[in-house]
$ cat query_16.cif   # mmCIF, C-alpha atoms and all ligand atoms
data_model
#
loop_
_atom_site.group_PDB
_atom_site.id
_atom_site.type_symbol
_atom_site.label_atom_id
_atom_site.label_comp_id
_atom_site.auth_asym_id
_atom_site.auth_seq_id
_atom_site.Cartn_x
_atom_site.Cartn_y
_atom_site.Cartn_z
ATOM 1 C CA MET A 150 23.236 -14.711 -25.856
ATOM 2 C CA ASP A 151 25.329 -12.910 -23.207
ATOM 3 C CA ALA A 152 29.055 -12.757 -22.704
ATOM 4 C CA GLN A 153 28.832 -15.463 -20.025
ATOM 5 C CA HIS A 154 27.498 -17.971 -22.519
ATOM 6 C CA ASN A 155 29.848 -20.901 -22.753
ATOM 7 C CA LYS A 156 30.325 -22.029 -26.295
ATOM 8 C CA GLN A 157 28.902 -25.421 -27.029
ATOM 9 C CA VAL A 158 31.112 -27.534 -29.274
ATOM 10 C CA ARG A 159 29.309 -29.381 -32.054
ATOM 11 C CA THR A 160 29.892 -33.126 -32.119
ATOM 12 C CA LEU A 161 29.458 -35.818 -34.770
ATOM 13 C CA GLN A 162 25.852 -36.937 -34.443
ATOM 14 C CA ARG A 163 25.208 -39.140 -37.452
ATOM 15 C CA GLU A 164 27.185 -40.494 -40.395
ATOM 16 C CA ILE A 165 25.759 -40.794 -43.909
ATOM 17 C CA ALA A 166 28.127 -42.988 -45.911
ATOM 18 C CA GLY A 167 28.596 -42.142 -49.587
ATOM 19 C CA MET A 168 27.005 -44.731 -51.881
ATOM 20 C CA ALA A 169 28.238 -45.447 -55.386
ATOM 21 C CA THR A 170 25.577 -44.576 -57.937
ATOM 22 C CA SER A 171 25.264 -42.975 -61.363
ATOM 23 C CA ASP A 172 23.215 -40.080 -62.701
ATOM 24 C CA GLY A 173 22.803 -38.048 -65.885
ATOM 25 C CA ALA A 174 23.806 -40.171 -68.872
ATOM 26 C CA GLY A 175 25.821 -42.538 -66.678
ATOM 27 C CA VAL A 176 28.232 -40.381 -64.664
ATOM 28 C CA LYS A 177 29.612 -42.434 -61.785
ATOM 29 C CA LEU A 178 29.424 -40.659 -58.453
ATOM 30 C CA MET A 179 29.242 -41.036 -54.690
ATOM 31 C CA ARG A 180 26.001 -39.806 -53.119
ATOM 32 C CA SER A 181 25.899 -39.227 -49.366
ATOM 33 C CA LEU A 182 23.216 -36.674 -48.498
ATOM 34 C CA GLY A 183 20.176 -37.468 -50.624
ATOM 35 C CA SER A 184 20.904 -41.184 -50.977
ATOM 36 C CA SER A 185 17.416 -41.598 -49.486
ATOM 37 C CA GLN A 186 14.650 -39.249 -48.349
ATOM 38 C CA PHE A 187 15.837 -39.899 -44.776
ATOM 39 C CA ALA A 188 19.362 -38.788 -45.605
ATOM 40 C CA ARG A 189 18.706 -35.065 -45.957
ATOM 41 C CA LEU A 190 19.671 -32.211 -43.653
ATOM 42 C CA ASP A 191 17.328 -29.242 -44.080
ATOM 43 C CA PRO A 192 18.029 -27.068 -46.094
ATOM 44 C CA PHE A 193 20.483 -29.457 -47.816
ATOM 45 C CA LEU A 194 18.893 -32.071 -50.074
ATOM 46 C CA MET A 195 21.803 -33.874 -51.713
ATOM 47 C CA LEU A 196 25.578 -33.992 -52.053
ATOM 48 C CA ASP A 197 27.231 -35.842 -54.942
ATOM 49 C CA GLU A 198 30.980 -36.274 -55.336
ATOM 50 C CA PHE A 199 32.242 -37.214 -58.781
ATOM 51 C CA SER A 200 35.873 -38.260 -59.084
ATOM 52 C CA SER A 201 37.458 -40.326 -61.834
ATOM 53 C CA GLU A 202 40.469 -40.458 -64.121
ATOM 54 C CA ASN A 203 38.585 -42.804 -66.426
ATOM 55 C CA PRO A 204 36.672 -40.812 -69.105
ATOM 56 C CA GLY A 205 34.210 -43.710 -69.406
ATOM 57 C CA ASP A 206 32.965 -42.785 -65.922
ATOM 58 C CA TYR A 207 32.066 -39.194 -66.830
ATOM 59 C CA ILE A 208 32.245 -38.434 -70.559
ATOM 60 C CA ALA A 209 28.497 -38.805 -71.210
ATOM 61 C CA GLY A 210 27.842 -35.968 -68.737
ATOM 62 C CA PHE A 211 24.437 -34.591 -67.837
ATOM 63 C CA PRO A 212 22.527 -33.850 -71.072
ATOM 64 C CA SER A 213 19.481 -31.551 -71.098
ATOM 65 C CA HIS A 214 17.403 -31.965 -67.921
ATOM 66 C CA PRO A 215 15.039 -29.806 -65.822
ATOM 67 C CA HIS A 216 15.026 -28.536 -62.229
ATOM 68 C CA ARG A 217 12.379 -26.711 -60.178
ATOM 69 C CA GLY A 218 12.208 -25.508 -56.592
ATOM 70 C CA PHE A 219 15.794 -25.512 -55.314
ATOM 71 C CA GLU A 220 19.409 -24.490 -55.984
ATOM 72 C CA THR A 221 22.266 -26.527 -57.429
ATOM 73 C CA VAL A 222 25.870 -25.680 -56.561
ATOM 74 C CA THR A 223 28.591 -27.239 -58.692
ATOM 75 C CA TYR A 224 32.169 -26.989 -57.398
ATOM 76 C CA MET A 225 34.939 -28.273 -59.660
ATOM 77 C CA LEU A 226 38.183 -29.475 -58.102
ATOM 78 C CA ASP A 227 39.747 -30.836 -61.301
ATOM 79 C CA GLY A 228 38.666 -30.761 -64.903
ATOM 80 C CA HIS A 229 36.444 -28.703 -67.129
ATOM 81 C CA MET A 230 32.658 -28.702 -67.419
ATOM 82 C CA ARG A 231 30.478 -26.605 -69.732
ATOM 83 C CA HIS A 232 26.882 -25.729 -68.930
ATOM 84 C CA GLU A 233 24.178 -24.340 -71.202
ATOM 85 C CA ASP A 234 20.616 -23.439 -70.249
ATOM 86 C CA HIS A 235 17.252 -22.616 -71.831
ATOM 87 C CA MET A 236 17.918 -18.874 -71.382
ATOM 88 C CA GLY A 237 20.908 -19.121 -73.713
ATOM 89 C CA ASN A 238 23.506 -18.862 -70.990
ATOM 90 C CA VAL A 239 26.752 -20.728 -71.565
ATOM 91 C CA GLY A 240 29.441 -21.045 -68.909
ATOM 92 C CA GLU A 241 32.713 -22.860 -68.522
ATOM 93 C CA LEU A 242 33.645 -24.284 -65.138
ATOM 94 C CA LYS A 243 37.335 -25.026 -64.667
ATOM 95 C CA SER A 244 39.333 -26.255 -61.672
ATOM 96 C CA GLY A 245 38.379 -24.337 -58.537
ATOM 97 C CA ALA A 246 35.300 -22.655 -60.051
ATOM 98 C CA VAL A 247 31.740 -22.741 -58.735
ATOM 99 C CA GLN A 248 28.385 -22.436 -60.445
ATOM 100 C CA TRP A 249 25.579 -21.330 -58.134
ATOM 101 C CA MET A 250 22.269 -21.926 -59.895
ATOM 102 C CA SER A 251 18.858 -21.114 -58.476
ATOM 103 C CA ALA A 252 16.340 -23.084 -60.520
ATOM 104 C CA GLY A 253 13.349 -21.241 -59.081
ATOM 105 C CA ARG A 254 10.256 -22.072 -61.176
ATOM 106 C CA GLY A 255 12.324 -23.829 -63.777
ATOM 107 C CA VAL A 256 15.572 -24.285 -65.580
ATOM 108 C CA ILE A 257 16.443 -26.710 -68.352
ATOM 109 C CA HIS A 258 20.159 -27.140 -68.754
ATOM 110 C CA SER A 259 22.992 -29.475 -69.617
ATOM 111 C CA GLU A 260 26.281 -30.022 -67.776
ATOM 112 C CA MET A 261 28.896 -31.638 -70.013
ATOM 113 C CA PRO A 262 32.579 -32.487 -69.411
ATOM 114 C CA GLN A 263 34.875 -30.650 -71.837
ATOM 115 C CA GLN A 264 37.742 -33.124 -71.728
ATOM 116 C CA VAL A 265 38.379 -36.576 -73.070
ATOM 117 C CA GLN A 266 41.143 -37.497 -70.648
ATOM 118 C CA GLY A 267 42.450 -36.671 -67.195
ATOM 119 C CA ARG A 268 40.763 -36.363 -63.858
ATOM 120 C CA LEU A 269 37.280 -34.944 -63.467
ATOM 121 C CA ARG A 270 36.555 -34.280 -59.816
ATOM 122 C CA GLY A 271 34.063 -32.110 -57.994
ATOM 123 C CA PHE A 272 30.790 -31.846 -56.160
ATOM 124 C CA GLN A 273 27.182 -31.014 -56.767
ATOM 125 C CA LEU A 274 25.194 -29.836 -53.788
ATOM 126 C CA TRP A 275 21.412 -29.290 -53.809
ATOM 127 C CA ILE A 276 20.036 -26.653 -51.433
ATOM 128 C CA ASN A 277 16.291 -26.301 -50.954
ATOM 129 C CA LEU A 278 14.386 -23.040 -51.451
ATOM 130 C CA PRO A 279 11.595 -21.872 -49.134
ATOM 131 C CA ALA A 280 8.052 -21.983 -50.594
ATOM 132 C CA ALA A 281 8.137 -18.216 -51.156
ATOM 133 C CA GLU A 282 11.121 -18.583 -53.539
ATOM 134 C CA LYS A 283 10.350 -21.824 -55.364
ATOM 135 C CA MET A 284 8.565 -20.098 -58.258
ATOM 136 C CA LYS A 285 10.971 -17.175 -58.718
ATOM 137 C CA PRO A 286 12.696 -16.753 -62.093
ATOM 138 C CA ALA A 287 15.786 -18.917 -62.565
ATOM 139 C CA MET A 288 19.188 -17.305 -62.156
ATOM 140 C CA TYR A 289 22.779 -18.379 -61.841
ATOM 141 C CA ARG A 290 26.278 -17.133 -61.133
ATOM 142 C CA ASP A 291 29.596 -18.531 -62.278
ATOM 143 C CA ILE A 292 32.353 -17.803 -59.765
ATOM 144 C CA GLN A 293 35.905 -18.239 -60.995
ATOM 145 C CA ALA A 294 38.567 -19.716 -58.721
ATOM 146 C CA ALA A 295 40.301 -16.345 -58.294
ATOM 147 C CA GLN A 296 37.113 -14.826 -56.818
ATOM 148 C CA ILE A 297 37.050 -17.345 -53.957
ATOM 149 C CA PRO A 298 39.101 -16.235 -50.909
ATOM 150 C CA LEU A 299 41.779 -18.718 -49.821
ATOM 151 C CA VAL A 300 43.021 -18.214 -46.266
ATOM 152 C CA THR A 301 46.169 -19.939 -44.997
ATOM 153 C CA LEU A 302 46.440 -20.231 -41.222
ATOM 154 C CA ALA A 303 49.475 -20.357 -38.938
ATOM 155 C CA GLY A 304 49.398 -24.147 -38.582
ATOM 156 C CA GLY A 305 49.259 -24.698 -42.343
ATOM 157 C CA ALA A 306 45.514 -25.191 -42.654
ATOM 158 C CA ALA A 307 43.986 -23.635 -45.775
ATOM 159 C CA VAL A 308 40.349 -22.621 -46.142
ATOM 160 C CA LYS A 309 38.427 -21.580 -49.252
ATOM 161 C CA VAL A 310 35.306 -19.579 -48.443
ATOM 162 C CA ILE A 311 32.762 -20.231 -51.193
ATOM 163 C CA ALA A 312 29.619 -18.964 -49.458
ATOM 164 C CA GLY A 313 28.816 -17.123 -46.256
ATOM 165 C CA SER A 314 31.343 -15.727 -43.786
ATOM 166 C CA VAL A 315 33.664 -17.315 -41.254
ATOM 167 C CA THR A 316 36.020 -15.922 -38.615
ATOM 168 C CA LEU A 317 39.453 -17.575 -38.652
ATOM 169 C CA GLU A 318 42.190 -16.560 -36.199
ATOM 170 C CA GLY A 319 40.297 -13.343 -35.465
ATOM 171 C CA THR A 320 39.717 -12.272 -39.071
ATOM 172 C CA THR A 321 36.310 -12.507 -40.738
ATOM 173 C CA VAL A 322 36.413 -13.690 -44.321
ATOM 174 C CA ASP A 323 33.455 -13.224 -46.679
ATOM 175 C CA GLY A 324 32.812 -15.644 -49.519
ATOM 176 C CA PRO A 325 31.415 -14.415 -52.854
ATOM 177 C CA ILE A 326 27.927 -15.868 -52.203
ATOM 178 C CA GLN A 327 25.994 -13.838 -49.609
ATOM 179 C CA GLY A 328 22.447 -12.778 -48.829
ATOM 180 C CA LEU A 329 20.505 -15.995 -49.482
ATOM 181 C CA SER A 330 17.592 -16.792 -47.175
ATOM 182 C CA THR A 331 19.136 -20.127 -46.143
ATOM 183 C CA GLU A 332 22.390 -18.271 -45.234
ATOM 184 C CA PRO A 333 24.655 -21.079 -46.476
ATOM 185 C CA LEU A 334 28.229 -21.396 -45.246
ATOM 186 C CA TYR A 335 30.301 -23.427 -47.733
ATOM 187 C CA LEU A 336 33.966 -24.030 -46.901
ATOM 188 C CA ASP A 337 36.608 -26.258 -48.522
ATOM 189 C CA VAL A 338 39.274 -27.020 -45.899
ATOM 190 C CA PHE A 339 42.760 -28.540 -46.123
ATOM 191 C CA LEU A 340 44.521 -29.694 -42.944
ATOM 192 C CA PRO A 341 48.146 -30.878 -43.045
ATOM 193 C CA PRO A 342 48.998 -33.902 -40.851
ATOM 194 C CA THR A 343 48.460 -33.504 -37.082
ATOM 195 C CA SER A 344 46.880 -30.079 -37.251
ATOM 196 C CA ARG A 345 43.643 -28.554 -36.116
ATOM 197 C CA ILE A 346 41.194 -25.808 -36.896
ATOM 198 C CA SER A 347 38.391 -24.227 -34.903
ATOM 199 C CA PHE A 348 35.689 -21.762 -35.903
ATOM 200 C CA ASP A 349 32.137 -20.798 -35.061
ATOM 201 C CA VAL A 350 29.106 -21.938 -37.029
ATOM 202 C CA THR A 351 25.874 -20.005 -36.375
ATOM 203 C CA ALA A 352 23.846 -21.640 -33.590
ATOM 204 C CA GLY A 353 20.570 -23.061 -34.854
ATOM 205 C CA HIS A 354 21.942 -23.721 -38.324
ATOM 206 C CA HIS A 355 22.238 -27.304 -39.503
ATOM 207 C CA ALA A 356 25.786 -28.336 -40.388
ATOM 208 C CA PHE A 357 27.691 -31.275 -41.832
ATOM 209 C CA VAL A 358 31.249 -32.167 -42.802
ATOM 210 C CA TYR A 359 32.150 -34.233 -45.889
ATOM 211 C CA ALA A 360 35.640 -35.792 -45.898
ATOM 212 C CA TYR A 361 36.865 -36.276 -49.478
ATOM 213 C CA GLU A 362 40.566 -36.918 -48.858
ATOM 214 C CA GLY A 363 41.591 -38.821 -45.750
ATOM 215 C CA GLU A 364 39.651 -38.784 -42.502
ATOM 216 C CA VAL A 365 38.774 -35.830 -40.313
ATOM 217 C CA THR A 366 38.417 -35.915 -36.550
ATOM 218 C CA ILE A 367 35.453 -33.993 -35.181
ATOM 219 C CA GLY A 368 36.155 -33.376 -31.501
ATOM 220 C CA THR A 369 37.268 -36.894 -30.611
ATOM 221 C CA GLN A 370 35.245 -38.799 -33.245
ATOM 222 C CA VAL A 371 36.688 -39.869 -36.591
ATOM 223 C CA LEU A 372 34.654 -39.250 -39.743
ATOM 224 C CA LYS A 373 35.476 -41.698 -42.516
ATOM 225 C CA ASN A 374 36.422 -40.754 -46.062
ATOM 226 C CA HIS A 375 33.484 -40.216 -48.485
ATOM 227 C CA SER A 376 31.060 -39.814 -45.587
ATOM 228 C CA ALA A 377 28.862 -36.892 -44.591
ATOM 229 C CA GLY A 378 29.050 -36.281 -40.836
ATOM 230 C CA VAL A 379 25.956 -34.508 -39.528
ATOM 231 C CA LEU A 380 26.847 -32.302 -36.564
ATOM 232 C CA SER A 381 24.954 -31.738 -33.341
ATOM 233 C CA GLU A 382 23.558 -28.359 -32.346
ATOM 234 C CA GLY A 383 26.134 -25.940 -30.941
ATOM 235 C CA ASP A 384 28.120 -22.787 -31.636
ATOM 236 C CA THR A 385 31.598 -23.901 -32.505
ATOM 237 C CA LEU A 386 33.560 -26.661 -34.216
ATOM 238 C CA GLU A 387 36.911 -28.298 -33.469
ATOM 239 C CA LEU A 388 38.334 -30.329 -36.355
ATOM 240 C CA SER A 389 41.697 -32.057 -36.641
ATOM 241 C CA SER A 390 43.783 -34.379 -38.799
ATOM 242 C CA GLN A 391 45.761 -37.360 -37.552
ATOM 243 C CA SER A 392 48.972 -38.630 -39.185
ATOM 244 C CA GLN A 393 47.684 -37.927 -42.701
ATOM 245 C CA ALA A 394 46.518 -34.714 -44.326
ATOM 246 C CA THR A 395 42.814 -34.308 -44.896
ATOM 247 C CA ARG A 396 40.504 -32.335 -47.164
ATOM 248 C CA PHE A 397 36.854 -31.834 -46.387
ATOM 249 C CA LEU A 398 33.839 -29.624 -47.058
ATOM 250 C CA LEU A 399 31.924 -27.879 -44.294
ATOM 251 C CA LEU A 400 28.343 -26.925 -45.060
ATOM 252 C CA ALA A 401 25.930 -25.110 -42.777
ATOM 253 C CA GLY A 402 22.610 -23.378 -43.375
ATOM 254 C CA ARG A 403 19.426 -22.095 -41.796
ATOM 255 C CA PRO A 404 16.781 -24.842 -41.833
ATOM 256 C CA ILE A 405 13.612 -23.997 -43.786
ATOM 257 C CA GLY A 406 11.254 -26.191 -41.742
ATOM 258 C CA GLU A 407 8.734 -26.866 -44.525
ATOM 259 C CA PRO A 408 7.509 -30.189 -45.968
ATOM 260 C CA VAL A 409 9.722 -31.571 -48.751
ATOM 261 C CA VAL A 410 8.169 -33.508 -51.630
ATOM 262 C CA GLN A 411 10.724 -34.572 -54.226
ATOM 263 C CA TYR A 412 10.299 -36.272 -57.540
ATOM 264 C CA GLY A 413 13.685 -36.525 -59.253
ATOM 265 C CA PRO A 414 14.726 -33.004 -60.292
ATOM 266 C CA PHE A 415 11.616 -31.296 -58.851
ATOM 267 C CA VAL A 416 11.534 -30.396 -55.136
ATOM 268 C CA MET A 417 8.328 -28.775 -53.893
ATOM 269 C CA ASN A 418 6.171 -28.657 -50.740
ATOM 270 C CA THR A 419 3.163 -30.731 -51.885
ATOM 271 C CA ARG A 420 2.374 -33.585 -54.251
ATOM 272 C CA GLU A 421 0.048 -31.285 -56.224
ATOM 273 C CA GLU A 422 2.963 -28.928 -56.891
ATOM 274 C CA ILE A 423 5.054 -31.863 -58.120
ATOM 275 C CA GLU A 424 2.246 -32.921 -60.485
ATOM 276 C CA GLN A 425 2.064 -29.325 -61.755
ATOM 277 C CA ALA A 426 5.841 -29.296 -62.345
ATOM 278 C CA MET A 427 5.627 -32.519 -64.367
ATOM 279 C CA LYS A 428 2.692 -31.129 -66.372
ATOM 280 C CA ASP A 429 4.548 -27.860 -67.015
ATOM 281 C CA TYR A 430 7.644 -29.764 -68.154
ATOM 282 C CA GLN A 431 5.602 -31.952 -70.508
ATOM 283 C CA ASN A 432 3.768 -28.874 -71.886
ATOM 284 C CA GLY A 433 6.988 -26.961 -72.388
ATOM 285 C CA THR A 434 5.994 -24.280 -69.856
ATOM 286 C CA LEU A 435 8.287 -25.242 -66.964
ATOM 287 C CA THR A 436 10.498 -22.213 -67.446
ATOM 288 C CA ASP A 437 7.851 -19.680 -68.581
ATOM 289 C CA ALA A 438 7.397 -16.430 -66.710
ATOM 290 C CA PRO A 439 4.216 -16.537 -64.574
ATOM 291 C CA VAL A 440 1.165 -15.062 -66.361
HETATM 292 CO CO CO B 1 21.308 -29.996 -63.375
#
$ encode --input "query_16.cif" --output "structure tokens"
Amino acid sequence: MDAQHNKQVRTLQREIAGMATSDGAGVKLMRSLGSSQFARLDPFLMLDEFSSENPGDYIAGFPSHPHRGFETVTYMLDGHMRHEDHMGNVGELKSGAVQWMSAGRGVIHSEMPQQVQGRLRGFQLWINLPAAEKMKPAMYRDIQAAQIPLVTLAGGAAVKVIAGSVTLEGTTVDGPIQGLSTEPLYLDVFLPPTSRISFDVTAGHHAFVYAYEGEVTIGTQVLKNHSAGVLSEGDTLELSSQSQATRFLLLAGRPIGEPVVQYGPFVMNTREEIEQAMKDYQNGTLTDAPV
């Protein structure tokens, strides 16, 4: 790419509306990406938003369950969730915190709300792993709110950089999660009324926007609330709010380009590997170190 290259602005290409569903032991949530096998965006498999002030919608949580072959990223906006896994790890996620968990060959964990009243609100994102990393040992990181850079721009926009790096008004900001092979960029953006923001997103990476408060305008197209807006190819993004403030997530990542075979919490490349995962889970060897 030479200096003469004119930047191509990414546009809204496709909208995946959030659908009300429930998961775990009956947690009510909105699923956009991942609501069907056709609603993925390599390397992203699924995005769930949970948001309720009614404990009945979330209190049962996500009791012990397995994962293999991908990463789960839990970002809490409000509330308090505790996770425990088969390795004996225990972590507490409070407002603004993120858990980045790479299931690799296997993790068995629970994710349980630690409150009996008040609002529980947040997201769980599933990011695929390339074949070469699907059978690696499980690992995770808890990132507290204070470790996530929050940048406030001249026009009042505010950006949290959870993963990857972004250049805003000439300054590059690095999030705490770096160095993954899918090179994820994970931003949480606030725009006050009638304001705009523009930044580059690596060309060739797949990207989407998820509006969780209000609507966001992508170029000249409006993305509805609780919808994932898949972006076209390009280098840069121009996002704006209208008469109301907006909050949205921006996700981008390097596509893996491999076949995806999913059965519930197992995401592999072939049906045989899925059958092996189910066998390993039944035999109690899902999480064992390879022999
Ligand atoms: Co889980």
$ resolve_selection --input "query_16.cif" --expression "the PyMOL selection byres (((chain A and resi 161) around 6) and not hetatm)" --output "PyMOL selection string"
chain A and resi 160+162+380
$ resolve_selection --input "query_16.cif" --expression "the PyMOL selection byres (((chain A and resi 389-394) around 8) and not hetatm)" --output "PDB file with C-alpha atoms, in the frame of the given file"
ATOM      1  CA  PHE A 339      42.760 -28.540 -46.123  1.00  0.00           C
ATOM      2  CA  LEU A 340      44.521 -29.694 -42.944  1.00  0.00           C
ATOM      3  CA  PRO A 341      48.146 -30.878 -43.045  1.00  0.00           C
ATOM      4  CA  PRO A 342      48.998 -33.902 -40.851  1.00  0.00           C
ATOM      5  CA  THR A 343      48.460 -33.504 -37.082  1.00  0.00           C
ATOM      6  CA  SER A 344      46.880 -30.079 -37.251  1.00  0.00           C
ATOM      7  CA  ARG A 345      43.643 -28.554 -36.116  1.00  0.00           C
ATOM      8  CA  ILE A 346      41.194 -25.808 -36.896  1.00  0.00           C
ATOM      9  CA  GLU A 362      40.566 -36.918 -48.858  1.00  0.00           C
ATOM     10  CA  GLY A 363      41.591 -38.821 -45.750  1.00  0.00           C
ATOM     11  CA  GLU A 364      39.651 -38.784 -42.502  1.00  0.00           C
ATOM     12  CA  VAL A 365      38.774 -35.830 -40.313  1.00  0.00           C
ATOM     13  CA  THR A 366      38.417 -35.915 -36.550  1.00  0.00           C
ATOM     14  CA  ILE A 367      35.453 -33.993 -35.181  1.00  0.00           C
ATOM     15  CA  GLY A 368      36.155 -33.376 -31.501  1.00  0.00           C
ATOM     16  CA  GLU A 387      36.911 -28.298 -33.469  1.00  0.00           C
ATOM     17  CA  LEU A 388      38.334 -30.329 -36.355  1.00  0.00           C
ATOM     18  CA  THR A 395      42.814 -34.308 -44.896  1.00  0.00           C
ATOM     19  CA  ARG A 396      40.504 -32.335 -47.164  1.00  0.00           C
TER      20      ARG A 396
END
$ residues_near_ligand --input "query_16.cif" --ligand "ligand CO 1 (chain B)" --cutoff "8 Å" --atoms "all atoms listed in the file" --output "VMD selection string"
chain A and resid 211 214 to 216 221 257 to 260 414
$ resolve_selection --input "query_16.cif" --expression "the PyMOL selection byres (((chain A and resi 302) around 12) and not hetatm)" --output "PyMOL selection string"
chain A and resi 299-301+303-309+316-320+338-341+344-347
$ write_last_selection --input "query_16.cif" --atoms "C-alpha atoms" --output "CSV table (one decimal), in the frame of the given file"
chain,number,residue,atom,x,y,z
A,299,LEU,CA,41.8,-18.7,-49.8
A,300,VAL,CA,43.0,-18.2,-46.3
A,301,THR,CA,46.2,-19.9,-45.0
A,303,ALA,CA,49.5,-20.4,-38.9
A,304,GLY,CA,49.4,-24.1,-38.6
A,305,GLY,CA,49.3,-24.7,-42.3
A,306,ALA,CA,45.5,-25.2,-42.7
A,307,ALA,CA,44.0,-23.6,-45.8
A,308,VAL,CA,40.3,-22.6,-46.1
A,309,LYS,CA,38.4,-21.6,-49.3
A,316,THR,CA,36.0,-15.9,-38.6
A,317,LEU,CA,39.5,-17.6,-38.7
A,318,GLU,CA,42.2,-16.6,-36.2
A,319,GLY,CA,40.3,-13.3,-35.5
A,320,THR,CA,39.7,-12.3,-39.1
A,338,VAL,CA,39.3,-27.0,-45.9
A,339,PHE,CA,42.8,-28.5,-46.1
A,340,LEU,CA,44.5,-29.7,-42.9
A,341,PRO,CA,48.1,-30.9,-43.0
A,344,SER,CA,46.9,-30.1,-37.3
A,345,ARG,CA,43.6,-28.6,-36.1
A,346,ILE,CA,41.2,-25.8,-36.9
A,347,SER,CA,38.4,-24.2,-34.9
$ axis_aligned_box --input "query_16.cif" --around "segment 252-257 of chain A" --padding-each-side "6 Å" --output "JSON"
{"center_x": 13.3, "center_y": -24.0, "center_z": -63.7, "size_x": 18.2, "size_y": 17.5, "size_z": 21.3}
$ decode --input "query_16.cif" --residues "segment 159-171 of chain A" --atoms "N, CA, C and O atoms" --output "mmCIF file, in the first residue's frame"
data_model
loop_
_atom_site.group_PDB
_atom_site.id
_atom_site.type_symbol
_atom_site.label_atom_id
_atom_site.label_comp_id
_atom_site.auth_asym_id
_atom_site.auth_seq_id
_atom_site.Cartn_x
_atom_site.Cartn_y
_atom_site.Cartn_z
ATOM 1 N N ARG A 159 -15.378 1.768 5.027
ATOM 2 C CA ARG A 159 -16.232 0.574 5.168
ATOM 3 C C ARG A 159 -17.693 1.002 5.319
ATOM 4 O O ARG A 159 -17.987 1.956 6.036
ATOM 5 N N THR A 160 -18.567 0.267 4.663
ATOM 6 C CA THR A 160 -19.997 0.573 4.736
ATOM 7 C C THR A 160 -20.743 -0.595 5.396
ATOM 8 O O THR A 160 -20.188 -1.687 5.555
ATOM 9 N N LEU A 161 -21.995 -0.335 5.751
ATOM 10 C CA LEU A 161 -22.838 -1.380 6.343
ATOM 11 C C LEU A 161 -23.285 -2.313 5.225
ATOM 12 O O LEU A 161 -23.963 -1.906 4.283
ATOM 13 N N GLN A 162 -22.901 -3.597 5.357
ATOM 14 C CA GLN A 162 -23.147 -4.537 4.270
ATOM 15 C C GLN A 162 -24.327 -5.454 4.563
ATOM 16 O O GLN A 162 -25.045 -5.852 3.662
ATOM 17 N N ARG A 163 -24.520 -5.761 5.832
ATOM 18 C CA ARG A 163 -25.510 -6.776 6.199
ATOM 19 C C ARG A 163 -25.857 -6.580 7.666
ATOM 20 O O ARG A 163 -24.985 -6.291 8.469
ATOM 21 N N GLU A 164 -27.154 -6.742 7.990
ATOM 22 C CA GLU A 164 -27.579 -6.575 9.374
ATOM 23 C C GLU A 164 -28.043 -7.912 9.940
ATOM 24 O O GLU A 164 -28.837 -8.600 9.307
ATOM 25 N N ILE A 165 -27.543 -8.267 11.122
ATOM 26 C CA ILE A 165 -27.994 -9.489 11.785
ATOM 27 C C ILE A 165 -28.727 -9.042 13.052
ATOM 28 O O ILE A 165 -28.088 -8.630 14.025
ATOM 29 N N ALA A 166 -30.043 -9.098 13.011
ATOM 30 C CA ALA A 166 -30.848 -8.618 14.136
ATOM 31 C C ALA A 166 -30.688 -9.558 15.324
ATOM 32 O O ALA A 166 -30.655 -10.778 15.162
ATOM 33 N N GLY A 167 -30.608 -8.986 16.530
ATOM 34 C CA GLY A 167 -30.557 -9.795 17.739
ATOM 35 C C GLY A 167 -31.875 -10.525 17.921
ATOM 36 O O GLY A 167 -32.950 -9.974 17.667
ATOM 37 N N MET A 168 -31.805 -11.801 18.324
ATOM 38 C CA MET A 168 -33.018 -12.586 18.552
ATOM 39 C C MET A 168 -33.054 -12.984 20.013
ATOM 40 O O MET A 168 -32.049 -13.425 20.565
ATOM 41 N N ALA A 169 -34.240 -12.828 20.618
ATOM 42 C CA ALA A 169 -34.380 -13.215 22.025
ATOM 43 C C ALA A 169 -34.280 -14.722 22.142
ATOM 44 O O ALA A 169 -34.924 -15.469 21.395
ATOM 45 N N THR A 170 -33.439 -15.184 23.066
ATOM 46 C CA THR A 170 -33.290 -16.616 23.287
ATOM 47 C C THR A 170 -32.870 -16.817 24.742
ATOM 48 O O THR A 170 -32.801 -15.848 25.499
ATOM 49 N N SER A 171 -32.625 -18.046 25.143
ATOM 50 C CA SER A 171 -32.076 -18.266 26.480
ATOM 51 C C SER A 171 -31.033 -19.366 26.386
ATOM 52 O O SER A 171 -31.051 -20.196 25.476
#
